[in-house]
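Here's target23.txt, which has compact mmCIF, C-alpha atoms:
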```txt
# COMPACT_ATOMS: atom_id res chain seq x y z
CA MET A 7 -18.73 41.92 10.29
CA GLU A 8 -16.86 41.28 7.07
CA ASP A 9 -17.58 44.72 5.64
CA GLY A 10 -13.97 45.79 5.27
CA GLU A 11 -11.80 47.96 7.47
CA GLY A 12 -12.54 51.05 9.45
CA GLY A 13 -15.64 52.36 11.12
CA VAL A 14 -18.90 53.21 9.39
CA LEU A 15 -18.92 56.85 8.23
CA LYS A 16 -22.50 56.80 6.93
CA GLU A 17 -25.11 54.21 6.04
CA GLY A 18 -28.59 54.10 4.59
CA PHE A 19 -30.65 53.51 1.45
CA LEU A 20 -29.72 54.93 -1.94
CA VAL A 21 -31.14 53.98 -5.32
CA LYS A 22 -28.47 52.64 -7.66
CA ARG A 23 -28.45 52.31 -11.44
CA GLY A 24 -27.70 48.78 -12.64
CA HIS A 25 -24.50 48.21 -14.62
CA ILE A 26 -25.65 45.94 -17.41
CA VAL A 27 -29.35 46.67 -17.54
CA HIS A 28 -29.81 50.32 -16.61
CA ASN A 29 -32.64 49.73 -14.16
CA TRP A 30 -32.78 51.43 -10.75
CA LYS A 31 -32.81 49.46 -7.50
CA ALA A 32 -32.74 50.47 -3.86
CA ARG A 33 -29.66 49.19 -2.04
CA TRP A 34 -28.37 49.55 1.50
CA PHE A 35 -25.06 51.46 1.39
CA ILE A 36 -22.29 51.49 3.99
CA LEU A 37 -19.52 54.06 3.64
CA ARG A 38 -16.13 53.25 5.15
CA GLN A 39 -12.84 55.08 4.86
CA ASN A 40 -11.78 53.44 1.58
CA THR A 41 -14.87 51.64 0.25
CA LEU A 42 -18.55 52.12 -0.35
CA LEU A 43 -20.33 48.76 0.05
CA TYR A 44 -23.86 48.01 -1.05
CA TYR A 45 -26.27 45.26 -0.09
CA LYS A 46 -29.56 43.87 -1.27
CA LEU A 47 -32.50 43.92 1.11
CA GLU A 48 -34.00 40.44 1.47
CA GLY A 49 -37.00 39.69 3.66
CA GLY A 50 -36.56 42.94 5.53
CA ARG A 51 -32.87 42.64 6.31
CA ARG A 52 -29.49 43.26 4.72
CA ALA A 53 -28.36 40.23 2.74
CA THR A 54 -24.67 39.40 3.31
CA PRO A 55 -22.14 39.27 1.76
CA PRO A 56 -22.29 42.69 0.04
CA LYS A 57 -23.69 42.73 -3.50
CA GLY A 58 -20.81 44.99 -4.53
CA ARG A 59 -18.14 47.41 -3.43
CA ILE A 60 -16.88 50.68 -4.86
CA LEU A 61 -13.21 51.39 -4.18
CA LEU A 62 -12.89 55.08 -3.39
CA ASP A 63 -9.16 55.50 -3.92
CA GLY A 64 -8.73 57.73 -7.00
CA CYS A 65 -12.50 58.03 -7.45
CA THR A 66 -14.04 61.25 -8.79
CA ILE A 67 -17.44 62.48 -7.62
CA THR A 68 -19.93 64.66 -9.52
CA CYS A 69 -22.68 66.29 -7.46
CA PRO A 70 -25.10 67.62 -8.54
CA CYS A 71 -25.23 65.25 -11.51
CA LEU A 72 -27.88 66.14 -14.08
CA GLU A 73 -27.49 63.31 -16.58
CA TYR A 74 -30.99 61.97 -15.90
CA GLU A 75 -33.74 64.54 -16.27
CA ASN A 76 -36.24 62.61 -14.13
CA ARG A 77 -33.76 61.92 -11.37
CA PRO A 78 -32.49 65.29 -10.15
CA LEU A 79 -30.94 64.03 -6.89
CA LEU A 80 -28.06 61.99 -8.27
CA ILE A 81 -24.43 61.55 -7.25
CA LYS A 82 -22.09 60.13 -9.89
CA LEU A 83 -18.92 58.26 -8.92
CA LYS A 84 -16.25 57.33 -11.43
CA THR A 85 -13.64 54.87 -10.20
CA GLN A 86 -9.98 54.72 -11.16
CA THR A 87 -10.88 52.00 -13.67
CA SER A 88 -13.52 54.35 -15.22
CA THR A 89 -16.54 52.43 -13.92
CA GLU A 90 -19.44 54.82 -13.39
CA TYR A 91 -21.93 54.54 -10.56
CA PHE A 92 -25.12 56.60 -10.35
CA LEU A 93 -26.65 56.86 -6.88
CA GLU A 94 -29.92 58.62 -6.08
CA ALA A 95 -30.81 60.10 -2.70
CA CYS A 96 -34.33 60.84 -1.42
CA SER A 97 -33.84 64.56 -0.76
CA ARG A 98 -31.38 67.32 -1.56
CA GLU A 99 -30.15 67.45 2.06
CA GLU A 100 -29.53 63.70 2.07
CA ARG A 101 -27.78 63.82 -1.31
CA ASP A 102 -25.47 66.61 -0.15
CA ALA A 103 -24.74 64.82 3.14
CA TRP A 104 -23.72 61.66 1.24
CA ALA A 105 -21.65 63.65 -1.27
CA PHE A 106 -19.84 65.46 1.53
CA GLU A 107 -19.03 62.23 3.41
CA ILE A 108 -17.97 60.37 0.25
CA THR A 109 -15.73 63.26 -0.84
CA GLY A 110 -14.17 63.24 2.63
CA ALA A 111 -13.57 59.47 2.37
CA ILE A 112 -12.01 59.81 -1.10
CA HIS A 113 -9.55 62.42 0.21
CA ALA A 114 -9.06 60.80 3.62
CA GLY A 115 -5.33 60.44 3.04
CA GLN A 116 -4.99 64.16 2.34
CA PRO A 117 -6.07 66.20 5.39
CA GLY A 118 -5.41 69.43 3.45
CA LYS A 119 -8.07 68.49 0.93
CA VAL A 120 -10.65 67.77 3.64
CA GLN A 121 -9.83 71.12 5.26
CA GLN A 122 -10.40 72.75 1.84
CA LEU A 123 -13.77 71.03 1.59
CA HIS A 124 -14.91 72.50 4.90
CA ILE A 125 -13.80 75.95 3.77
CA LEU A 126 -15.57 75.47 0.41
CA LYS A 127 -18.73 74.47 2.22
CA ASN A 128 -18.73 77.76 4.14
CA SER A 129 -17.09 80.19 1.73
CA PHE A 130 -18.79 82.55 -0.64
CA LYS A 131 -17.82 84.79 -3.51
CA LEU A 132 -19.52 85.67 -6.76
CA PRO A 133 -17.55 84.87 -9.94
CA PRO A 134 -16.31 88.04 -11.73
CA HIS A 135 -17.80 89.28 -15.04
CA ILE A 136 -20.72 86.88 -15.12
CA SER A 137 -23.14 87.91 -17.80
CA LEU A 138 -26.71 87.26 -16.72
CA HIS A 139 -27.76 87.25 -20.38
CA ARG A 140 -25.36 84.41 -21.09
CA ILE A 141 -26.78 82.38 -18.22
CA VAL A 142 -30.35 82.96 -19.39
CA ASP A 143 -29.45 81.97 -22.97
CA LYS A 144 -27.90 78.77 -21.66
CA MET A 145 -30.98 78.13 -19.50
CA HIS A 146 -33.12 78.30 -22.64
CA ASP A 147 -30.88 75.84 -24.54
CA SER A 148 -33.07 72.97 -25.70
CA GLY A 149 -30.38 70.37 -25.02
CA SER A 150 -28.57 71.42 -21.87
CA GLY A 151 -30.91 74.07 -20.50
CA ILE A 152 -33.42 73.88 -17.70
CA ARG A 153 -36.72 72.37 -18.78
CA PRO A 154 -39.89 73.94 -17.45
CA SER A 155 -42.70 71.49 -16.71
CA PRO A 156 -46.07 71.56 -14.91
CA ASN A 157 -45.61 71.65 -11.13
CA MET A 158 -48.07 71.70 -8.28
CA GLU A 159 -48.10 73.90 -5.24
CA GLN A 160 -50.85 73.85 -2.62
CA GLY A 161 -53.42 72.37 -4.97
CA SER A 162 -52.80 74.60 -8.00
CA THR A 163 -50.92 73.42 -11.07
CA TYR A 164 -48.57 75.90 -12.69
CA LYS A 165 -47.47 75.25 -16.25
CA LYS A 166 -43.91 75.83 -17.47
CA THR A 167 -42.26 76.17 -14.08
CA PHE A 168 -39.14 74.77 -12.43
CA ILE A 169 -38.19 74.05 -8.84
CA GLY A 170 -35.86 76.34 -6.87
CA SER A 171 -33.41 73.60 -5.88
CA SER A 172 -33.27 72.28 -9.48
CA LEU A 173 -32.13 75.69 -10.72
CA VAL A 174 -29.44 75.80 -8.00
CA ASP A 175 -28.25 72.33 -9.11
CA TRP A 176 -28.21 73.45 -12.72
CA LEU A 177 -26.19 76.64 -12.00
CA ILE A 178 -23.60 74.60 -10.10
CA SER A 179 -23.31 71.81 -12.67
CA ASN A 180 -22.86 74.37 -15.45
CA SER A 181 -20.06 76.04 -13.44
CA PHE A 182 -21.89 79.36 -13.07
CA ALA A 183 -21.61 78.98 -9.29
CA ALA A 184 -19.27 77.02 -7.02
CA SER A 185 -21.59 76.56 -4.06
CA ARG A 186 -25.30 76.54 -3.28
CA LEU A 187 -25.02 79.92 -1.57
CA GLU A 188 -23.44 81.43 -4.71
CA ALA A 189 -26.12 79.86 -6.90
CA VAL A 190 -28.91 81.23 -4.68
CA THR A 191 -27.44 84.74 -4.87
CA LEU A 192 -27.11 84.40 -8.63
CA ALA A 193 -30.73 83.22 -8.94
CA SER A 194 -31.82 86.19 -6.80
CA MET A 195 -29.99 88.52 -9.21
CA LEU A 196 -31.74 86.87 -12.17
CA MET A 197 -35.02 87.60 -10.42
CA GLU A 198 -34.07 91.16 -9.61
CA GLU A 199 -33.24 91.77 -13.27
CA ASN A 200 -36.63 90.30 -14.27
CA PHE A 201 -35.28 87.24 -16.11
CA LEU A 202 -37.11 84.95 -13.68
CA ARG A 203 -40.24 85.32 -11.69
CA PRO A 204 -41.55 83.54 -8.61
CA VAL A 205 -44.73 81.49 -8.94
CA GLY A 206 -46.99 80.36 -6.10
CA VAL A 207 -47.24 81.19 -2.42
CA ARG A 208 -43.84 80.00 -1.19
CA SER A 209 -41.54 81.72 -3.65
CA ILE A 210 -43.56 84.94 -3.78
CA GLY A 211 -43.51 85.08 0.03
CA ALA A 212 -39.69 84.84 0.08
CA ILE A 213 -39.33 87.97 -2.09
CA ARG A 214 -40.46 90.04 0.88
CA SER A 215 -37.35 89.03 2.81
CA GLY A 216 -34.76 91.81 2.60
CA ASP A 217 -31.57 89.78 2.22
CA LEU A 218 -30.52 88.93 -1.35
CA ALA A 219 -29.37 85.45 -0.31
CA GLU A 220 -32.82 84.68 1.12
CA GLN A 221 -35.03 85.97 -1.68
CA PHE A 222 -34.60 82.89 -3.87
CA LEU A 223 -35.50 79.58 -2.22
CA ASP A 224 -33.20 76.59 -2.69
CA ASP A 225 -36.15 74.38 -2.02
CA SER A 226 -38.05 71.60 -3.78
CA THR A 227 -41.45 73.21 -3.12
CA ALA A 228 -40.68 76.75 -4.35
CA LEU A 229 -41.57 77.37 -8.01
CA TYR A 230 -40.11 79.78 -10.57
CA THR A 231 -40.55 80.46 -14.26
CA PHE A 232 -38.97 82.42 -17.11
CA ALA A 233 -40.48 85.91 -16.92
CA GLU A 234 -41.98 85.77 -20.42
CA SER A 235 -43.59 82.33 -20.28
CA TYR A 236 -45.71 82.61 -17.17
CA LYS A 237 -49.19 81.11 -17.40
CA LYS A 238 -51.23 79.79 -14.56
CA LYS A 239 -53.50 76.92 -15.36
CA ILE A 240 -56.88 77.35 -13.75
CA SER A 241 -57.93 73.98 -12.39
CA SER A 242 -61.43 73.22 -13.53
CA LYS A 243 -63.78 71.68 -10.96
CA GLU A 244 -63.72 68.29 -12.69
CA GLU A 245 -59.96 68.18 -12.65
CA ILE A 246 -59.51 68.52 -8.92
CA ASN A 247 -59.59 64.90 -7.93
CA LEU A 248 -58.80 63.43 -4.54
CA SER A 249 -55.16 62.80 -5.26
CA THR A 250 -54.62 66.46 -6.13
CA VAL A 251 -55.94 67.45 -2.73
CA GLU A 252 -53.93 64.71 -1.00
CA LEU A 253 -50.71 65.85 -2.63
CA SER A 254 -51.30 69.56 -2.07
CA GLY A 255 -50.01 69.64 1.51
CA THR A 256 -46.65 70.99 2.60
CA VAL A 257 -43.87 68.38 2.66
CA VAL A 258 -42.77 67.90 6.27
CA LYS A 259 -40.39 64.96 5.91
CA GLN A 260 -39.21 62.49 3.28
CA GLY A 261 -36.89 59.50 3.20
CA TYR A 262 -36.35 55.90 2.13
CA LEU A 263 -38.02 53.33 4.38
CA ALA A 264 -38.76 49.62 3.92
CA LYS A 265 -42.45 48.65 3.87
CA GLN A 266 -44.10 45.24 4.13
CA GLY A 267 -46.50 44.48 1.29
CA HIS A 268 -50.14 43.83 2.19
CA LYS A 269 -50.72 40.72 0.09
CA ARG A 270 -47.40 38.95 -0.35
CA LYS A 271 -45.85 40.38 2.83
CA ASN A 272 -42.55 41.00 1.04
CA TRP A 273 -40.40 43.97 2.06
CA LYS A 274 -39.71 46.74 -0.44
CA VAL A 275 -37.87 50.04 -0.18
CA ARG A 276 -40.10 53.03 -0.84
CA ARG A 277 -39.58 56.79 -0.77
CA PHE A 278 -42.00 58.06 1.88
CA VAL A 279 -43.26 61.64 1.82
CA LEU A 280 -45.09 63.09 4.80
CA ARG A 281 -47.32 66.11 4.14
CA LYS A 282 -49.43 68.32 6.36
CA ASP A 283 -52.60 70.37 5.60
CA PRO A 284 -53.97 67.85 4.66
CA ALA A 285 -51.99 65.23 6.65
CA PHE A 286 -51.07 62.31 4.38
CA LEU A 287 -48.27 59.79 4.14
CA HIS A 288 -47.57 58.72 0.54
CA TYR A 289 -45.00 56.28 -0.76
CA TYR A 290 -43.32 56.08 -4.16
CA ASP A 291 -41.46 53.31 -5.96
CA PRO A 292 -37.89 54.66 -6.31
CA SER A 293 -37.10 52.25 -9.17
CA LYS A 294 -39.72 53.92 -11.38
CA GLU A 295 -39.34 57.22 -13.23
CA ASP A 296 -42.99 58.01 -12.58
CA ASN A 297 -43.53 60.72 -10.02
CA ARG A 298 -46.93 59.47 -8.86
CA PRO A 299 -47.26 57.72 -5.50
CA VAL A 300 -47.92 53.96 -5.56
CA GLY A 301 -49.91 54.29 -2.35
CA GLY A 302 -50.76 56.51 0.56
CA PHE A 303 -53.22 57.18 3.35
CA SER A 304 -54.73 59.96 5.43
CA LEU A 305 -53.19 60.30 8.88
CA ARG A 306 -56.35 61.67 10.45
CA GLY A 307 -57.39 59.40 13.29
CA SER A 308 -54.55 56.94 12.69
CA LEU A 309 -52.44 55.33 15.39
CA ILE A 310 -48.67 54.97 15.28
CA SER A 311 -46.36 52.94 17.51
CA ALA A 312 -42.83 51.56 17.63
CA LEU A 313 -42.56 47.75 17.60
CA GLU A 314 -40.29 45.86 19.97
CA ASP A 315 -36.94 44.83 18.56
CA ASN A 316 -36.87 41.47 20.37
CA GLY A 317 -38.47 38.75 18.29
CA VAL A 318 -40.68 39.20 15.26
CA PRO A 319 -43.90 41.10 16.07
CA THR A 320 -47.29 39.67 15.11
CA GLY A 321 -48.21 40.55 11.55
CA VAL A 322 -44.59 40.88 10.46
CA LYS A 323 -43.09 38.35 8.11
CA GLY A 324 -39.41 37.79 7.45
CA ASN A 325 -36.21 37.94 9.44
CA VAL A 326 -36.34 41.71 9.91
CA GLN A 327 -33.54 43.87 11.22
CA GLY A 328 -35.60 45.80 13.77
CA ASN A 329 -36.35 49.54 13.97
CA LEU A 330 -39.94 48.75 13.03
CA PHE A 331 -43.02 50.86 13.51
CA LYS A 332 -46.66 50.36 12.68
CA VAL A 333 -49.35 52.75 11.46
CA ILE A 334 -52.99 51.73 11.82
CA THR A 335 -55.25 53.93 9.69
CA LYS A 336 -58.76 55.05 10.60
CA ASP A 337 -60.20 52.25 8.41
CA ASP A 338 -58.03 49.70 10.30
CA THR A 339 -55.41 49.02 7.62
CA HIS A 340 -52.09 48.02 9.20
CA TYR A 341 -48.84 49.32 7.68
CA TYR A 342 -45.54 47.82 8.86
CA ILE A 343 -42.57 50.08 8.16
CA GLN A 344 -38.87 49.68 8.88
CA ALA A 345 -36.50 52.60 9.42
CA SER A 346 -32.75 52.28 8.96
CA SER A 347 -31.86 53.19 12.55
CA LYS A 348 -33.47 53.71 15.95
CA ALA A 349 -32.96 57.48 15.67
CA GLU A 350 -34.62 57.58 12.26
CA ARG A 351 -37.56 55.55 13.55
CA THR A 352 -38.02 57.99 16.44
CA GLU A 353 -37.90 60.99 14.04
CA TRP A 354 -40.59 59.49 11.78
CA ILE A 355 -42.85 58.51 14.70
CA GLU A 356 -42.58 62.01 16.23
CA ALA A 357 -43.25 63.70 12.87
CA ILE A 358 -46.28 61.51 12.10
CA LYS A 359 -47.71 61.78 15.65
CA GLN A 360 -47.92 65.56 15.31
CA LEU A 361 -50.28 65.11 12.35
CA THR A 362 -52.58 62.32 13.58
```

Mind converting the file's structure to structure tokens?
Amino acid sequence: MEDGEGGVLKEGFLVKRGHIVHNWKARWFILRQNTLLYYKLEGGRRATPPKGRILLDGCTITCPCLEYENRPLLIKLKTQTSTEYFLEACSREERDAWAFEITGAIHAGQPGKVQQLHILKNSFKLPPHISLHRIVDKMHDSGSGIRPSPNMEQGSTYKKTFIGSSLVDWLISNSFAASRLEAVTLASMLMEENFLRPVGVRSIGAIRSGDLAEQFLDDSTALYTFAESYKKKISSKEEINLSTVELSGTVVKQGYLAKQGHKRKNWKVRRFVLRKDPAFLHYYDPSKEDNRPVGGFSLRGSLISALEDNGVPTGVKGNVQGNLFKVITKDDTHYYIQASSKAERTEWIEAIKQLT
């Protein structure tokens, strides 16, 4: 492989902002000790040589990065030559895992720094003389504050709410907290002092837990609102359409996977979200800002199986890399999906099987 020196520290799909035209495209990233390489996916496999490389020496990393309101899961890298890269992960866990590995690779020459990182990851202290009023004022700021919007939980839409993990990101990026644990404790204090209130089943349920650090959920399905602006929208019968029901389940798993198109049989990277009660698998186009799925299907009565890695299976077009699996829905539609590793394929198959 001509991917540069050193072993692979991490690899997988991230969505990258283009340099000249600021459009967003999914790319396959490989992290090595001194470089982050990215590749285009062509016909279901990584196209060599790499489309680009980011030299990590002297690079600075910003995570969470909140420069794009509709893309809350960004990592920003700024190279020594001041080139900026914006990379989007599919979940908070995945974003933090990438950020941690990239930061480690940037400071690889300085073991002390990596040691510090590990300590930072596990340490916890609340900043002195933090004024909760000041934080709340800043949260309300029309430019740099946190913007409430309609969110759904278990089939109900709540107006003017924000997501638990978004508030944690915001507290960190505004330097009110140095770690997620600090931010969660801070958010719990804001709730205790009645600046914030929980909305919906998940976040209200967490309040009953005794520990301060567990009362606020750093979670993308837990909703909160400013105490004075709480209004629940009552869904009228006409408004509950099928997609609302489909999307009301609990998120079990999400990630970037490549999917073969039905008509043109071309491979595209999609963000897949698996939900239960009701069991559905939806997929989204990560290059679009729109948060509506571009497709999806009920898992009830569907069949799922791994496809052999030797040779190209029937129904599959292109010189694919392997790690394929197939879902056949109840109405006999065949979906061909490619994971980025054998382990990831196994995880998805197991997770889906439990819901079929």

task = Find the spatial neighbours of region 88-100 of chain A, counting all atoms listed in the file, within a cut-off of 6 Å - ignore same-chain residues fewer than 2 positions away - and output them as JSON, numbers by chain.
result = {"A": [20, 21, 22, 23, 79, 80, 81, 82, 83, 84, 85, 86, 102, 103, 261]}

query = Closest to Thr227 (chain A) among A:Pro284, A:Arg186, A:Ile213, A:Met158, using all atoms listed in the file?
reply =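 For Thr227 (chain A), the nearest of the given residues is A:Met158.
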
key: Within 9 Å of Pro78 (chain A) using only C-alpha atoms, minus same-chain residues under 6 positions, as a PyMOL selection string   = chain A and resi 70-72+94+98+172+175

inquiry  = Considering all atoms listed in the file, can you say which of A:Ser304, A:Thr54, A:Ser346, A:Ser226 comes closest to Val174 (chain A)?
reply    =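 The closest residue to Val174 (chain A) is A:Ser226.
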
Kindly compute an axis-aligned box around the listed atoms of region 267-286 of chain A, allowing 5 Å on each side, and express its centre and edge lengths in Å to one decimal as AutoDock Vina command-line options.
```
--center_x -45.9 --center_y 54.7 --center_z 2.9 --size_x 26.1 --size_y 41.4 --size_z 17.5
```

ask   = Hey, which of A:Ala184, A:Val257, A:Val142, A:Leu309 ends up closest to Ala233 (chain A)? Count only C-alpha atoms.
value =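 Comparing A:Ala184, A:Val257, A:Val142, A:Leu309 against Ala233 (chain A), the winner is A:Val142.
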
ask   = Hey, which of A:Asn272, A:Asn329, A:Thr191, A:Gln266 ends up closest to Ala349 (chain A)? Count all atoms listed in the file.
value =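 Closest residue, counting all atoms listed in the file: A:Asn329.
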
message = Please compute the CA of Thr250 (chain A)-CA of Ile210 (chain A) distance, one decimal, in Å.
response = 21.7 Å
